[in-house]
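Please read the structure below before turning to the comments.
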Amino acid sequence: MVDNRILLKLKSVSPKILAFARILKVGIIWDHLSSYFLKLNFKNINFWLKRLKYYFSIWFIMSKNSFLMILNQKSVLLIFLAGKILRFIFFATFLFFLVSGAKDVAGYNSTQAVFFFLTFAVIDTTSQFLFREVYRFRTYVVNGDLDLILVKPVNALFRVLMGGADFIDFITIPPLYAVTYYVGSLLTPSPFQVFLYFLLIITGLLMTTAFHIIVMALGIVTLEVDHTIMIYRDITNMGRFPIDIYREPLRSALTYFIPVSLMISLPAKAFMGLAGFDFILFAIFAAFAFLYISLRFWNFALKKYSSASS
Amino acid sequence: MKKYLQIFNISFQQEFAYKLSFVMWRVRNIMQILVVFFLWDTVFSVRQSEIFGYDRDMILTYIFGLVFVKAFVLSSRTQDVAGEIARGEIINYLLRPVNYFKYWLTRDFSSKALNFMFAIGEFLLLYFILKPPFFFQSDPLQIILFLICLGLAMLTYFLLLFIVSAIPFWAPELGWGGHFIFTVIMVEFLSGVLFPLDILPMTFQNILGYTPFPYMIYFPLQIYLGKISGFFAIKGMLISLGWIFILWLLMKSIWEKGLRAYQAYGR
């Protein structure tokens, strides 16, 4: 029943979204999500708050350890920090000169184009700050060290996903947010547009979380993580420019299949008042759907883990 | 000579030992080219006139030319040297009757040959999918100059990699960090991989002209496009040769000092 109601609603919004929803079996996912959230009564909320506090304290300890390790290698810290800052400056400079010379790119002026890039940087840097541990995941699987994580009284996914924040990104995040705030203020958004921007940044981060989980699940099944995560990053790098520059069918693939458009371009468009409500609603739903699919895939992959090297 | 041919063969086969890794690397290359292609295609789809001195044919030829030039110049195994020094494995090679520099140069040739073969396939694939306009250079002199510049670019990149790879002699933990700054970030942005350097203001271009970076990607492609010819082509090639000489001396000096400082960690 739920399936039909949602599909009818989506049909009135956009045929493309409807087609995509059919592929994803939206109704079934909606049923699962709603039944999951309906279980949250007040008693459960107290329980979840306690768990949240518990996991936050674990994350804090793991991140502190990770920071201390990096601080012990100051030369490494300095060289990677310099590299990241240089890359950011080089790219922003290129974008500025390109759009200034060409007058606009896909109808966006230089400030708007830079804002698209900054939104990409906000999502990319924040996710790297939180999920740096994913880059070490292959070693855990190949060496069999994943066993030691699985037997601990902490959610294994939480441990391998967020087991050590990146100190270098921790340093770059405040100036990045400040620059994004400054460039964003030049576009004079309304308070509602700012609200939508934050909402869609959160959905974008949920989608990046889902992709990182999928990469790790693939890592368990295939033992290949390094290139998969780099390909994921190459794909998200396409979001450094407004998604409108890409031709069909690539543009649709970047919206519906690997939703770089929803993750990165849509928040910036919403900030400029250029995003339709159908896409905003779709992005919110897609974020939860991707997260749900990624968690199912993770559980499937864990069952395939053979602990061969341990 | 025979032993280097053997090294070439073994290295070529080794690349096939890690098929998935190699295929992923090529997929990443295609994706990077696609991003740049679509960006410039969009810029020129609105205006048919010249921007930054390029028309649509020339800029898309530049982007497609990157497939070949990157495969020839930037494909390399020499970045592994840093790891060998950090892990102490370099000692195995120093004891063998083989010249270490020639060994890695041969391995580089092997990597370039393989990447070049794949680049031809990728070029044809992308050409038939995207159907871009393509500028064919008909002047044989420009083509000869282009090929000479490719050779110079390859040597420049090899020397640069060898110099950066020497960092672990003194700081083993900085092996990847050095490559990250010099051969990933600097080369990507300052050699013309992401954009032709003449979109930058003249002052930047003049300063960059005296560094080795533009002569690796941007300069050979400009010669192919015929945007640089005659006196300016010779001047650029002389600067490139000058850099090869400077980098060669620098590499020799750094490696002599590095080998004296080397303590065979891990062995």
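Every chain in the structure tokens takes a letter, A first, then B, and so on in the order presented; its residues are numbered from 1, and the ligands are numbered from 1 following the presented order.
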
Residues of chain A at most 7 Å from chain B: nearest atom pair and distance in Å, only C-alpha atoms, as a Markdown table:
```
| residue | atom | partner | partner_atom | distance |
| --- | --- | --- | --- | --- |
| A:Val76 | CA | B:Leu174 | CA | 6.1 |
| A:Ile79 | CA | B:Gly177 | CA | 6.0 |
| A:Phe80 | CA | B:Gly177 | CA | 6.2 |
| A:Gly83 | CA | B:Ile181 | CA | 5.2 |
| A:Arg87 | CA | B:Ile185 | CA | 6.1 |
| A:Phe90 | CA | B:Phe189 | CA | 6.7 |
| A:Phe97 | CA | B:Leu200 | CA | 6.5 |
| A:Leu98 | CA | B:Ile199 | CA | 6.7 |
| A:Ala102 | CA | B:Ile51 | CA | 6.5 |
| A:Val105 | CA | B:Val43 | CA | 5.7 |
| A:Ala106 | CA | B:Thr42 | CA | 6.4 |
| A:His227 | CA | B:Met24 | CA | 6.3 |
| A:Ile231 | CA | B:Arg28 | CA | 6.2 |
| A:Asp234 | CA | B:Arg28 | CA | 6.9 |
| A:Met238 | CA | B:Val35 | CA | 6.1 |
| A:Ile245 | CA | B:Thr42 | CA | 5.5 |
| A:Tyr246 | CA | B:Phe38 | CA | 5.7 |
```

| task | Considering only C-alpha atoms, return as a PyMOL selection string whatever protein or nucleic-acid residues lie within 8 Å of range 55-57 of chain B, sequence-local ones (same chain, fewer than 2 positions apart) excluded. | result | chain B and resi 41+44+48-51+53+59-61+132-135

Cut-off 12 Å: closest range 81-145 of chain A/range 261-275 of chain A atom pairs per residue, using only C-alpha atoms, as JSON lines:
```
{"residue": "A:Gly107", "atom": "CA", "partner": "A:Leu274", "partner_atom": "CA", "distance": 11.8}
{"residue": "A:Tyr108", "atom": "CA", "partner": "A:Lys269", "partner_atom": "CA", "distance": 10.5}
{"residue": "A:Asn109", "atom": "CA", "partner": "A:Met272", "partner_atom": "CA", "distance": 11.8}
{"residue": "A:Thr111", "atom": "CA", "partner": "A:Met272", "partner_atom": "CA", "distance": 11.1}
{"residue": "A:Gln112", "atom": "CA", "partner": "A:Met272", "partner_atom": "CA", "distance": 8.2}
{"residue": "A:Ala113", "atom": "CA", "partner": "A:Ala268", "partner_atom": "CA", "distance": 9.6}
{"residue": "A:Val114", "atom": "CA", "partner": "A:Ala268", "partner_atom": "CA", "distance": 10.3}
{"residue": "A:Phe115", "atom": "CA", "partner": "A:Ala268", "partner_atom": "CA", "distance": 7.0}
{"residue": "A:Phe116", "atom": "CA", "partner": "A:Ala268", "partner_atom": "CA", "distance": 5.8}
{"residue": "A:Phe117", "atom": "CA", "partner": "A:Ile264", "partner_atom": "CA", "distance": 8.9}
{"residue": "A:Leu118", "atom": "CA", "partner": "A:Ala268", "partner_atom": "CA", "distance": 9.0}
{"residue": "A:Thr119", "atom": "CA", "partner": "A:Ile264", "partner_atom": "CA", "distance": 6.4}
{"residue": "A:Phe120", "atom": "CA", "partner": "A:Ile264", "partner_atom": "CA", "distance": 5.5}
{"residue": "A:Ala121", "atom": "CA", "partner": "A:Ile264", "partner_atom": "CA", "distance": 9.1}
{"residue": "A:Val122", "atom": "CA", "partner": "A:Ile264", "partner_atom": "CA", "distance": 9.2}
{"residue": "A:Ile123", "atom": "CA", "partner": "A:Ile264", "partner_atom": "CA", "distance": 7.3}
{"residue": "A:Asp124", "atom": "CA", "partner": "A:Ile264", "partner_atom": "CA", "distance": 9.1}
{"residue": "A:Ser127", "atom": "CA", "partner": "A:Met263", "partner_atom": "CA", "distance": 11.7}
```

Output of the above residues as a JSON list (two decimals), in the first residue's frame, restricted to N, CA and C atoms:
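Heads up, here's the output in result09.json:
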```json
[["chain", "number", "residue", "atom", "x", "y", "z"],
["A", 107, "GLY", "N", 26.35, 29.21, -17.30],
["A", 107, "GLY", "CA", 25.43, 30.23, -16.79],
["A", 107, "GLY", "C", 25.77, 30.73, -15.40],
["A", 108, "TYR", "N", 26.84, 30.23, -14.80],
["A", 108, "TYR", "CA", 27.22, 30.68, -13.45],
["A", 108, "TYR", "C", 28.38, 31.66, -13.54],
["A", 109, "ASN", "N", 28.32, 32.73, -12.73],
["A", 109, "ASN", "CA", 29.42, 33.69, -12.73],
["A", 109, "ASN", "C", 30.56, 33.19, -11.85],
["A", 111, "THR", "N", 31.78, 34.10, -8.92],
["A", 111, "THR", "CA", 31.50, 33.91, -7.48],
["A", 111, "THR", "C", 30.70, 32.62, -7.28],
["A", 112, "GLN", "N", 29.70, 32.41, -8.14],
["A", 112, "GLN", "CA", 28.88, 31.20, -8.01],
["A", 112, "GLN", "C", 29.72, 29.94, -8.26],
["A", 113, "ALA", "N", 30.59, 30.01, -9.30],
["A", 113, "ALA", "CA", 31.43, 28.84, -9.61],
["A", 113, "ALA", "C", 32.36, 28.52, -8.44],
["A", 114, "VAL", "N", 32.93, 29.58, -7.83],
["A", 114, "VAL", "CA", 33.81, 29.35, -6.68],
["A", 114, "VAL", "C", 33.00, 28.77, -5.51],
["A", 115, "PHE", "N", 31.73, 29.21, -5.38],
["A", 115, "PHE", "CA", 30.90, 28.68, -4.29],
["A", 115, "PHE", "C", 30.60, 27.19, -4.48],
["A", 116, "PHE", "N", 30.40, 26.79, -5.74],
["A", 116, "PHE", "CA", 30.21, 25.35, -6.02],
["A", 116, "PHE", "C", 31.46, 24.58, -5.55],
["A", 117, "PHE", "N", 32.62, 25.11, -5.89],
["A", 117, "PHE", "CA", 33.87, 24.45, -5.51],
["A", 117, "PHE", "C", 34.02, 24.40, -3.98],
["A", 118, "LEU", "N", 33.65, 25.51, -3.33],
["A", 118, "LEU", "CA", 33.78, 25.55, -1.86],
["A", 118, "LEU", "C", 32.82, 24.55, -1.20],
["A", 119, "THR", "N", 31.62, 24.42, -1.77],
["A", 119, "THR", "CA", 30.66, 23.45, -1.22],
["A", 119, "THR", "C", 31.21, 22.03, -1.37],
["A", 120, "PHE", "N", 31.81, 21.78, -2.54],
["A", 120, "PHE", "CA", 32.48, 20.48, -2.72],
["A", 120, "PHE", "C", 33.54, 20.29, -1.64],
["A", 121, "ALA", "N", 34.36, 21.33, -1.43],
["A", 121, "ALA", "CA", 35.46, 21.23, -0.46],
["A", 121, "ALA", "C", 34.92, 21.00, 0.96],
["A", 122, "VAL", "N", 33.80, 21.65, 1.30],
["A", 122, "VAL", "CA", 33.21, 21.49, 2.64],
["A", 122, "VAL", "C", 32.82, 20.02, 2.86],
["A", 123, "ILE", "N", 32.11, 19.44, 1.88],
["A", 123, "ILE", "CA", 31.65, 18.06, 2.03],
["A", 123, "ILE", "C", 32.83, 17.09, 1.98],
["A", 124, "ASP", "N", 33.73, 17.33, 1.03],
["A", 124, "ASP", "CA", 34.88, 16.43, 0.86],
["A", 124, "ASP", "C", 35.80, 16.46, 2.09],
["A", 127, "SER", "N", 34.08, 14.97, 5.25],
["A", 127, "SER", "CA", 33.99, 13.50, 5.23],
["A", 127, "SER", "C", 35.38, 12.87, 5.40]]
```

| query | What lies within 8 Å of Ile244 in chain B using only C-alpha atoms, ignoring chain neighbours under 4 positions off, as a ChimeraX atom specification? | reply | /B:152,155-156,159,240,248

Store the residues picked out above, limited to C-alpha atoms, as a tab-separated table (two decimals), in the first residue's frame.
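What landed in again37.tsv:
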```
chain	number	residue	atom	x	y	z
B	152	LEU	CA	62.90	16.10	-22.88
B	155	LEU	CA	63.74	13.00	-18.78
B	156	THR	CA	62.76	16.06	-16.73
B	159	LEU	CA	65.04	13.37	-12.77
B	240	SER	CA	64.10	22.58	-20.88
B	248	TRP	CA	70.97	15.99	-13.35
```

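As for CA of Phe169 in chain B and CA of Thr172 in chain A, they are spaced 29.6 Å apart.
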
| query | Mind pulling up the distance from CA of Ala286 in chain A to CA of Tyr256 in chain A? | reply | 8.9 Å

| Can you tell me, as an MDAnalysis selection string, what residues are no more than 8 Å from Ile163 in chain B when counting only C-alpha atoms, ignoring any on the same chain fewer than 2 positions away? | chainID B and resid 159:161 165:167 247 250:251 254:255

| field | Test item: residues at most 12 Å from Gly236 in chain B, only C-alpha atoms, excluding those fewer than 5 positions along its chain, as a ChimeraX atom specification | value | /B:145-146,148-149,152-153,206,208-216,218-220,222-223,228-231,241-243

Next, the residues of the selection above should be written as a PDB file, in the first residue's frame with N, CA and C atoms.
```pdb
ATOM      1  N   LEU B 145      59.462  18.590 -33.593  1.00  0.00           N
ATOM      2  CA  LEU B 145      59.746  19.358 -32.363  1.00  0.00           C
ATOM      3  C   LEU B 145      58.914  18.823 -31.194  1.00  0.00           C
ATOM      4  N   PHE B 146      57.666  18.460 -31.487  1.00  0.00           N
ATOM      5  CA  PHE B 146      56.773  17.913 -30.457  1.00  0.00           C
ATOM      6  C   PHE B 146      57.367  16.625 -29.877  1.00  0.00           C
ATOM      7  N   ILE B 148      60.539  15.652 -29.933  1.00  0.00           N
ATOM      8  CA  ILE B 148      61.763  15.950 -29.158  1.00  0.00           C
ATOM      9  C   ILE B 148      61.375  16.472 -27.767  1.00  0.00           C
ATOM     10  N   CYS B 149      60.367  17.354 -27.737  1.00  0.00           N
ATOM     11  CA  CYS B 149      59.927  17.919 -26.447  1.00  0.00           C
ATOM     12  C   CYS B 149      59.388  16.824 -25.526  1.00  0.00           C
ATOM     13  N   LEU B 152      62.334  15.230 -23.915  1.00  0.00           N
ATOM     14  CA  LEU B 152      62.901  16.104 -22.875  1.00  0.00           C
ATOM     15  C   LEU B 152      62.000  16.099 -21.636  1.00  0.00           C
ATOM     16  N   ALA B 153      60.684  16.106 -21.879  1.00  0.00           N
ATOM     17  CA  ALA B 153      59.726  16.114 -20.759  1.00  0.00           C
ATOM     18  C   ALA B 153      59.862  14.846 -19.930  1.00  0.00           C
ATOM     19  N   ASN B 206      55.040  34.098 -17.171  1.00  0.00           N
ATOM     20  CA  ASN B 206      56.474  34.401 -17.308  1.00  0.00           C
ATOM     21  C   ASN B 206      57.285  33.722 -16.205  1.00  0.00           C
ATOM     22  N   LEU B 208      56.374  31.058 -14.438  1.00  0.00           N
ATOM     23  CA  LEU B 208      56.313  29.602 -14.649  1.00  0.00           C
ATOM     24  C   LEU B 208      57.256  29.148 -15.763  1.00  0.00           C
ATOM     25  N   GLY B 209      57.444  30.017 -16.760  1.00  0.00           N
ATOM     26  CA  GLY B 209      58.303  29.691 -17.903  1.00  0.00           C
ATOM     27  C   GLY B 209      59.738  29.382 -17.504  1.00  0.00           C
ATOM     28  N   TYR B 210      60.138  29.877 -16.343  1.00  0.00           N
ATOM     29  CA  TYR B 210      61.515  29.616 -15.891  1.00  0.00           C
ATOM     30  C   TYR B 210      61.600  28.447 -14.896  1.00  0.00           C
ATOM     31  N   THR B 211      60.482  27.745 -14.713  1.00  0.00           N
ATOM     32  CA  THR B 211      60.505  26.526 -13.871  1.00  0.00           C
ATOM     33  C   THR B 211      60.435  25.312 -14.814  1.00  0.00           C
ATOM     34  N   PRO B 212      60.745  24.105 -14.326  1.00  0.00           N
ATOM     35  CA  PRO B 212      60.709  22.954 -15.247  1.00  0.00           C
ATOM     36  C   PRO B 212      59.296  22.445 -15.554  1.00  0.00           C
ATOM     37  N   PHE B 213      58.303  22.891 -14.765  1.00  0.00           N
ATOM     38  CA  PHE B 213      56.973  22.267 -14.861  1.00  0.00           C
ATOM     39  C   PHE B 213      56.268  22.418 -16.224  1.00  0.00           C
ATOM     40  N   PRO B 214      56.222  23.624 -16.806  1.00  0.00           N
ATOM     41  CA  PRO B 214      55.453  23.731 -18.068  1.00  0.00           C
ATOM     42  C   PRO B 214      56.019  22.871 -19.187  1.00  0.00           C
ATOM     43  N   TYR B 215      57.315  22.527 -19.110  1.00  0.00           N
ATOM     44  CA  TYR B 215      57.955  21.788 -20.206  1.00  0.00           C
ATOM     45  C   TYR B 215      57.614  20.292 -20.183  1.00  0.00           C
ATOM     46  N   MET B 216      56.830  19.889 -19.191  1.00  0.00           N
ATOM     47  CA  MET B 216      56.462  18.467 -19.115  1.00  0.00           C
ATOM     48  C   MET B 216      55.190  18.155 -19.897  1.00  0.00           C
ATOM     49  N   TYR B 218      52.487  21.098 -20.896  1.00  0.00           N
ATOM     50  CA  TYR B 218      51.958  22.263 -21.614  1.00  0.00           C
ATOM     51  C   TYR B 218      52.767  22.588 -22.863  1.00  0.00           C
ATOM     52  N   PHE B 219      54.081  22.657 -22.719  1.00  0.00           N
ATOM     53  CA  PHE B 219      54.951  23.076 -23.825  1.00  0.00           C
ATOM     54  C   PHE B 219      54.898  22.113 -25.022  1.00  0.00           C
ATOM     55  N   PRO B 220      55.029  20.784 -24.808  1.00  0.00           N
ATOM     56  CA  PRO B 220      54.917  19.885 -25.968  1.00  0.00           C
ATOM     57  C   PRO B 220      53.571  20.010 -26.685  1.00  0.00           C
ATOM     58  N   GLN B 222      51.610  22.641 -26.776  1.00  0.00           N
ATOM     59  CA  GLN B 222      51.542  23.924 -27.482  1.00  0.00           C
ATOM     60  C   GLN B 222      52.278  23.829 -28.814  1.00  0.00           C
ATOM     61  N   ILE B 223      53.375  23.069 -28.814  1.00  0.00           N
ATOM     62  CA  ILE B 223      54.128  22.892 -30.058  1.00  0.00           C
ATOM     63  C   ILE B 223      53.295  22.078 -31.051  1.00  0.00           C
ATOM     64  N   ILE B 228      53.241  27.493 -30.429  1.00  0.00           N
ATOM     65  CA  ILE B 228      54.633  27.884 -30.202  1.00  0.00           C
ATOM     66  C   ILE B 228      55.442  27.296 -31.346  1.00  0.00           C
ATOM     67  N   SER B 229      56.202  28.148 -32.020  1.00  0.00           N
ATOM     68  CA  SER B 229      57.037  27.647 -33.128  1.00  0.00           C
ATOM     69  C   SER B 229      58.272  28.541 -33.267  1.00  0.00           C
ATOM     70  N   GLY B 230      59.162  28.173 -34.153  1.00  0.00           N
ATOM     71  CA  GLY B 230      60.344  28.971 -34.482  1.00  0.00           C
ATOM     72  C   GLY B 230      61.209  29.300 -33.284  1.00  0.00           C
ATOM     73  N   PHE B 231      61.520  30.599 -33.121  1.00  0.00           N
ATOM     74  CA  PHE B 231      62.436  31.043 -32.075  1.00  0.00           C
ATOM     75  C   PHE B 231      61.949  30.638 -30.672  1.00  0.00           C
ATOM     76  N   LEU B 241      66.292  21.937 -21.744  1.00  0.00           N
ATOM     77  CA  LEU B 241      67.599  21.258 -21.674  1.00  0.00           C
ATOM     78  C   LEU B 241      68.407  21.747 -20.480  1.00  0.00           C
ATOM     79  N   GLY B 242      68.329  23.073 -20.261  1.00  0.00           N
ATOM     80  CA  GLY B 242      69.027  23.669 -19.109  1.00  0.00           C
ATOM     81  C   GLY B 242      68.544  23.052 -17.812  1.00  0.00           C
ATOM     82  N   TRP B 243      67.233  22.861 -17.701  1.00  0.00           N
ATOM     83  CA  TRP B 243      66.673  22.267 -16.490  1.00  0.00           C
ATOM     84  C   TRP B 243      67.113  20.815 -16.331  1.00  0.00           C
TER      85      TRP B 243
END
```

Using only C-alpha atoms, what does the table of range 41-151 of chain A residues within 9 Å of range 210-223 of chain A look like, with each row giving the shortest atom pair and its distance in Å to one decimal, sorted by chain and ascending number, as JSON lines?
```
{"residue": "A:Phe131", "atom": "CA", "partner": "A:His212", "partner_atom": "CA", "distance": 7.6}
{"residue": "A:Val134", "atom": "CA", "partner": "A:Met216", "partner_atom": "CA", "distance": 7.0}
{"residue": "A:Phe137", "atom": "CA", "partner": "A:Met216", "partner_atom": "CA", "distance": 7.0}
{"residue": "A:Arg138", "atom": "CA", "partner": "A:Gly219", "partner_atom": "CA", "distance": 6.4}
{"residue": "A:Val141", "atom": "CA", "partner": "A:Ile220", "partner_atom": "CA", "distance": 6.6}
{"residue": "A:Val142", "atom": "CA", "partner": "A:Leu223", "partner_atom": "CA", "distance": 7.1}
```

Output C-alpha atoms of each residue in that selection to a file, as an mmCIF file, in the first residue's frame.
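For reference, out04.cif as written:
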```cif
data_model
loop_
_atom_site.group_PDB
_atom_site.id
_atom_site.type_symbol
_atom_site.label_atom_id
_atom_site.label_comp_id
_atom_site.auth_asym_id
_atom_site.auth_seq_id
_atom_site.Cartn_x
_atom_site.Cartn_y
_atom_site.Cartn_z
ATOM 1 C CA PHE A 131 36.292 8.887 7.747
ATOM 2 C CA VAL A 134 38.595 3.935 5.811
ATOM 3 C CA PHE A 137 40.657 -0.596 6.281
ATOM 4 C CA ARG A 138 42.284 -2.881 3.692
ATOM 5 C CA VAL A 141 41.106 -7.171 6.367
ATOM 6 C CA VAL A 142 44.316 -8.449 4.740
#
```
